[in-house]
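Following: one structure in structure tokens, then a few remarks.
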Amino acid sequence: MNDKYSFTKCAQYGHRLANRLCDQYFGPQPTATLDGPAVLKFTPIRQINLLVVRQLLVQWQAEMARLRSPYFNFEALPVQTALTQFMNILSRHISLSRSAFEPLLAQATTDTLGLVADPAGSFQRLLLGGPGPFTLAGLRDNLRYIDVDKSFYQDFIDNLPASSELSHESLTQRFELHHAANYKAHQPMQRLVGELSPLLPLTAADLLEDGPVSTAPTAAPLPEPSPVGAPAEAPASISAPSFVAAPATAAPPLPSQLAVPAEPRVPTPGPPFPARPLPNTEAPSVPLYEKLKASQPAAPPLAETLRATAAAPPLAERAGPKVETLREAISINQRFSFINELFNGENMEYHAAIQHLDSLPSADQARSYVTDNLSPRYDWSRKEEHVNKLLKLIERKFA
């Protein structure tokens, strides 16, 4: 790839686009929040939405890692089971105000451009993400959040040796060789620019290191966002030319750090966004363990807790709690897993199947629909692990 793109210019465009889309969405409803399904369809470009979710999962895992103490065994199986259940419930209650969502959207847009502008850097940031050591299973798990040129990255991972651990240095060197040998098949920037430009004008030359400073004309007004409580539209395809606004949820009382301005923010006409370093727009966050400490009632004496625990069966042996609907019971991780493993990556077919299962009156009919209809249609003969997870959720729904 002979063109040299500027990651700084990609970041500047990401900031401008995030600001514009948030003005469009939050301007008429400044106290609105976004939940997980709304994030997944916020823009018509699937890659941007996926990378926002990836950032949320990184935060989700960091919060869980902070729940540690030198006084208690957090590695015990009952504790791990309870923590997993708690974090899955938490993942189904995403609530993003503008101040929290806009920097995530800006970074996701920047990383989307980076997948084409800087494949080697994107490989290290999005697929490696740390010092290692790395495994093939871990790399494939991170690949779930790549949509742009996925086959390019997939081919690299598929041709890695089946060793248990791989070093950062060896993976980086192998990827550079893979890129040098296959760059002609790599997605051209022009295609991605064509998908982004209807949202905010952009040309490939705007992103070149020695290219002109963008003087793109003012974009045509975006469609009005859906009113609060309006039904969501179906996710748009990657090449969709217009911004799809997701439904909002009523905003609960927010901490002062995440407060949204009381008045709608209206973009002021003027010259194009200047090329300057991006400000630090990350909203300060309160660690999850501090929120838990503040919201929990005073704990009973430790002796009483131990007596109650000794009399109760281990948490791992208890049946899962009853769930009202499968749609609400399935966490973000499970949803991605089911869509990719059971429904061949088809988001709409997954939602249709879950909606139908939720409408059935009995567990027998739901199990029959899974085994007699869905399993042969999608060839689930080798997907026992994922099918069993779905069946267990069905059992909990009809418990």
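Just so we're on the same page: first chain in the structure tokens is A, next is B, and so on; residues restart at 1 for each chain, and ligands are numbered from 1 in the order they show up.
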
If we count only C-alpha atoms, what is near Ala108 (chain A) at a cut-off of 10 Å, once residues fewer than 5 positions away on the same chain are taken out, given as a short mmCIF file (atom, residue, chain, number, x, y, z; two decimals) with N, CA and C atoms, in the first residue's frame?
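New file out_24.cif:
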```
data_model
loop_
_atom_site.label_atom_id
_atom_site.label_comp_id
_atom_site.auth_asym_id
_atom_site.auth_seq_id
_atom_site.Cartn_x
_atom_site.Cartn_y
_atom_site.Cartn_z
N ALA A 11 -8.08 10.59 13.36
CA ALA A 11 -8.64 10.89 14.68
C ALA A 11 -9.43 12.19 14.67
N GLY A 14 -12.71 11.42 13.12
CA GLY A 14 -13.53 10.66 14.07
C GLY A 14 -14.18 11.55 15.10
N HIS A 15 -13.42 12.55 15.60
CA HIS A 15 -13.97 13.48 16.58
C HIS A 15 -15.08 14.33 15.96
N ALA A 18 -18.25 12.15 15.33
CA ALA A 18 -18.94 11.82 16.59
C ALA A 18 -19.69 13.04 17.11
N GLN A 47 -19.13 -1.54 11.37
CA GLN A 47 -17.82 -1.59 12.02
C GLN A 47 -17.72 -0.58 13.15
N ILE A 48 -18.24 0.62 12.94
CA ILE A 48 -18.19 1.63 14.00
C ILE A 48 -18.97 1.16 15.21
N ASN A 49 -20.16 0.64 14.99
CA ASN A 49 -20.98 0.17 16.11
C ASN A 49 -20.30 -0.95 16.88
N LEU A 50 -19.67 -1.88 16.16
CA LEU A 50 -18.99 -3.00 16.81
C LEU A 50 -17.83 -2.52 17.67
N LEU A 51 -17.10 -1.52 17.20
CA LEU A 51 -15.95 -1.05 17.96
C LEU A 51 -16.37 -0.24 19.18
N VAL A 52 -17.56 0.38 19.15
CA VAL A 52 -18.08 1.00 20.37
C VAL A 52 -18.37 -0.08 21.41
N VAL A 53 -19.02 -1.18 20.96
CA VAL A 53 -19.33 -2.28 21.88
C VAL A 53 -18.05 -2.89 22.42
N ARG A 54 -17.02 -3.00 21.57
CA ARG A 54 -15.74 -3.56 22.04
C ARG A 54 -15.16 -2.72 23.17
N GLN A 55 -15.23 -1.39 23.05
CA GLN A 55 -14.74 -0.53 24.12
C GLN A 55 -15.55 -0.72 25.41
N GLU A 102 -19.99 9.96 23.35
CA GLU A 102 -19.32 10.65 22.25
C GLU A 102 -17.84 10.28 22.12
N PRO A 103 -17.04 10.22 23.20
CA PRO A 103 -15.64 9.81 23.02
C PRO A 103 -15.50 8.36 22.54
N LEU A 113 -11.28 3.78 10.47
CA LEU A 113 -10.40 4.28 9.43
C LEU A 113 -9.01 3.65 9.54
N GLY A 114 -8.56 3.42 10.77
CA GLY A 114 -7.24 2.84 10.97
C GLY A 114 -7.11 1.43 10.43
#
```

Task: Separation of CA of Leu34 (chain A) from CA of Leu199 (chain A), in Å and rounded to one decimal - done: 19.6 Å

- [ ] Output as JSON, numbers by chain all residues of region 15-190 of chain A that backbone DSSP marks as alpha helix (DSSP H).
- [x] {"A": [15, 16, 17, 18, 19, 20, 21, 22, 23, 24, 25, 26, 36, 37, 38, 39, 40, 46, 47, 48, 49, 50, 51, 52, 53, 54, 55, 56, 57, 58, 59, 60, 61, 62, 63, 64, 65, 66, 77, 78, 79, 80, 81, 82, 83, 84, 85, 86, 87, 88, 89, 90, 91, 98, 99, 100, 101, 102, 103, 104, 105, 106, 107, 108, 109, 110, 111, 112, 113, 114, 115, 116, 117, 119, 120, 121, 122, 136, 137, 138, 139, 140, 141, 142, 143, 150, 151, 152, 153, 154, 155, 156, 157, 158, 168, 169, 170, 171, 172, 173, 174, 175, 176, 177, 178, 179, 180, 181, 182, 189, 190]}

With C-alpha atoms retained, export the selected residues as an mmCIF file, in the first residue's frame.
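Contents of part.cif, as written:
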```cif
data_model
loop_
_atom_site.group_PDB
_atom_site.id
_atom_site.type_symbol
_atom_site.label_atom_id
_atom_site.label_comp_id
_atom_site.auth_asym_id
_atom_site.auth_seq_id
_atom_site.Cartn_x
_atom_site.Cartn_y
_atom_site.Cartn_z
ATOM 1 C CA HIS A 15 -13.969 13.482 16.580
ATOM 2 C CA ARG A 16 -15.863 15.667 14.080
ATOM 3 C CA LEU A 17 -18.180 12.848 13.007
ATOM 4 C CA ALA A 18 -18.939 11.824 16.585
ATOM 5 C CA ASN A 19 -19.724 15.434 17.497
ATOM 6 C CA ARG A 20 -22.031 15.839 14.507
ATOM 7 C CA LEU A 21 -23.956 12.593 15.034
ATOM 8 C CA CYS A 22 -24.338 13.299 18.750
ATOM 9 C CA ASP A 23 -25.606 16.807 17.960
ATOM 10 C CA GLN A 24 -28.140 15.207 15.632
ATOM 11 C CA TYR A 25 -29.258 12.577 18.128
ATOM 12 C CA PHE A 26 -28.926 14.208 21.549
ATOM 13 C CA GLY A 36 -26.834 -1.900 24.105
ATOM 14 C CA PRO A 37 -29.239 -2.616 21.182
ATOM 15 C CA ALA A 38 -29.366 1.112 20.359
ATOM 16 C CA VAL A 39 -25.550 1.276 20.231
ATOM 17 C CA LEU A 40 -25.468 -1.652 17.783
ATOM 18 C CA ARG A 46 -21.553 -1.808 11.323
ATOM 19 C CA GLN A 47 -17.820 -1.593 12.016
ATOM 20 C CA ILE A 48 -18.189 1.631 13.996
ATOM 21 C CA ASN A 49 -20.984 0.165 16.110
ATOM 22 C CA LEU A 50 -18.989 -3.004 16.814
ATOM 23 C CA LEU A 51 -15.946 -1.046 17.962
ATOM 24 C CA VAL A 52 -18.082 0.997 20.372
ATOM 25 C CA VAL A 53 -19.326 -2.278 21.875
ATOM 26 C CA ARG A 54 -15.743 -3.563 22.037
ATOM 27 C CA GLN A 55 -14.737 -0.530 24.123
ATOM 28 C CA LEU A 56 -17.693 -1.143 26.444
ATOM 29 C CA LEU A 57 -16.598 -4.745 26.935
ATOM 30 C CA VAL A 58 -13.053 -3.638 27.742
ATOM 31 C CA GLN A 59 -14.475 -1.328 30.422
ATOM 32 C CA TRP A 60 -16.765 -4.132 31.591
ATOM 33 C CA GLN A 61 -13.793 -6.481 32.050
ATOM 34 C CA ALA A 62 -11.729 -3.778 33.780
ATOM 35 C CA GLU A 63 -14.532 -3.158 36.281
ATOM 36 C CA MET A 64 -14.714 -6.876 37.033
ATOM 37 C CA ALA A 65 -10.926 -7.070 37.471
ATOM 38 C CA ARG A 66 -11.102 -4.310 40.097
ATOM 39 C CA LEU A 77 -15.917 -21.367 42.108
ATOM 40 C CA PRO A 78 -19.049 -20.048 43.890
ATOM 41 C CA VAL A 79 -17.604 -16.523 43.867
ATOM 42 C CA GLN A 80 -16.689 -16.771 40.172
ATOM 43 C CA THR A 81 -20.172 -18.080 39.360
ATOM 44 C CA ALA A 82 -21.839 -15.241 41.259
ATOM 45 C CA LEU A 83 -19.556 -12.635 39.673
ATOM 46 C CA THR A 84 -20.223 -13.965 36.180
ATOM 47 C CA GLN A 85 -23.965 -13.836 36.749
ATOM 48 C CA PHE A 86 -23.709 -10.311 38.161
ATOM 49 C CA MET A 87 -21.592 -9.030 35.271
ATOM 50 C CA ASN A 88 -23.946 -10.609 32.719
ATOM 51 C CA ILE A 89 -26.866 -8.799 34.343
ATOM 52 C CA LEU A 90 -24.857 -5.576 34.338
ATOM 53 C CA SER A 91 -24.052 -5.961 30.639
ATOM 54 C CA ARG A 98 -23.775 11.883 25.485
ATOM 55 C CA SER A 99 -20.749 12.727 27.618
ATOM 56 C CA ALA A 100 -19.949 9.013 27.963
ATOM 57 C CA PHE A 101 -20.910 7.943 24.433
ATOM 58 C CA GLU A 102 -19.320 10.651 22.254
ATOM 59 C CA PRO A 103 -15.640 9.810 23.020
ATOM 60 C CA LEU A 104 -16.397 6.105 22.446
ATOM 61 C CA LEU A 105 -17.949 6.927 19.064
ATOM 62 C CA ALA A 106 -15.004 9.158 18.104
ATOM 63 C CA GLN A 107 -12.494 6.403 18.965
ATOM 64 C CA ALA A 108 -14.536 3.768 17.117
ATOM 65 C CA THR A 109 -14.602 5.928 13.969
ATOM 66 C CA THR A 110 -10.854 6.547 14.239
ATOM 67 C CA ASP A 111 -10.161 2.824 14.630
ATOM 68 C CA THR A 112 -12.467 2.017 11.691
ATOM 69 C CA LEU A 113 -10.396 4.284 9.426
ATOM 70 C CA GLY A 114 -7.240 2.836 10.975
ATOM 71 C CA LEU A 115 -8.147 -0.684 9.827
ATOM 72 C CA VAL A 116 -7.446 0.508 6.270
ATOM 73 C CA ALA A 117 -5.043 3.388 6.881
ATOM 74 C CA PRO A 119 -3.400 -2.267 9.212
ATOM 75 C CA ALA A 120 -0.292 -3.135 11.264
ATOM 76 C CA GLY A 121 -1.145 -0.642 14.007
ATOM 77 C CA SER A 122 -4.783 -1.746 13.986
ATOM 78 C CA LEU A 136 -5.277 -18.529 18.655
ATOM 79 C CA ALA A 137 -8.527 -18.718 20.617
ATOM 80 C CA GLY A 138 -7.966 -15.233 22.037
ATOM 81 C CA LEU A 139 -7.170 -13.767 18.612
ATOM 82 C CA ARG A 140 -10.300 -15.326 17.121
ATOM 83 C CA ASP A 141 -12.350 -13.932 19.979
ATOM 84 C CA ASN A 142 -11.075 -10.400 19.225
ATOM 85 C CA LEU A 143 -11.771 -10.971 15.519
ATOM 86 C CA LYS A 150 -12.358 -9.237 8.052
ATOM 87 C CA SER A 151 -11.134 -11.902 5.610
ATOM 88 C CA PHE A 152 -7.733 -10.157 5.423
ATOM 89 C CA TYR A 153 -7.238 -10.539 9.191
ATOM 90 C CA GLN A 154 -8.984 -13.925 9.255
ATOM 91 C CA ASP A 155 -6.550 -15.374 6.693
ATOM 92 C CA PHE A 156 -3.600 -14.271 8.796
ATOM 93 C CA ILE A 157 -4.950 -15.930 11.962
ATOM 94 C CA ASP A 158 -5.917 -19.113 10.099
ATOM 95 C CA HIS A 168 3.906 -10.085 20.539
ATOM 96 C CA GLU A 169 7.125 -9.752 18.532
ATOM 97 C CA SER A 170 6.585 -12.877 16.429
ATOM 98 C CA LEU A 171 2.965 -11.992 15.684
ATOM 99 C CA THR A 172 3.885 -8.449 14.673
ATOM 100 C CA GLN A 173 6.622 -9.658 12.326
ATOM 101 C CA ARG A 174 4.360 -12.313 10.784
ATOM 102 C CA PHE A 175 1.584 -9.769 10.219
ATOM 103 C CA GLU A 176 3.934 -7.315 8.489
ATOM 104 C CA LEU A 177 4.972 -10.104 6.089
ATOM 105 C CA HIS A 178 1.306 -11.042 5.547
ATOM 106 C CA HIS A 179 0.439 -7.415 4.800
ATOM 107 C CA ALA A 180 3.364 -6.993 2.392
ATOM 108 C CA ALA A 181 2.301 -10.102 0.486
ATOM 109 C CA ASN A 182 -1.419 -9.313 0.370
ATOM 110 C CA MET A 189 -9.632 3.494 1.434
ATOM 111 C CA GLN A 190 -11.963 4.829 -1.248
#
```

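Interatomic distance, CA of Phe74 (chain A) against CA of Lys389 (chain A): 24.5 Å.
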
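In this structure, CA of Phe336 (chain A) sits 16.9 Å away from CA of Phe42 (chain A).
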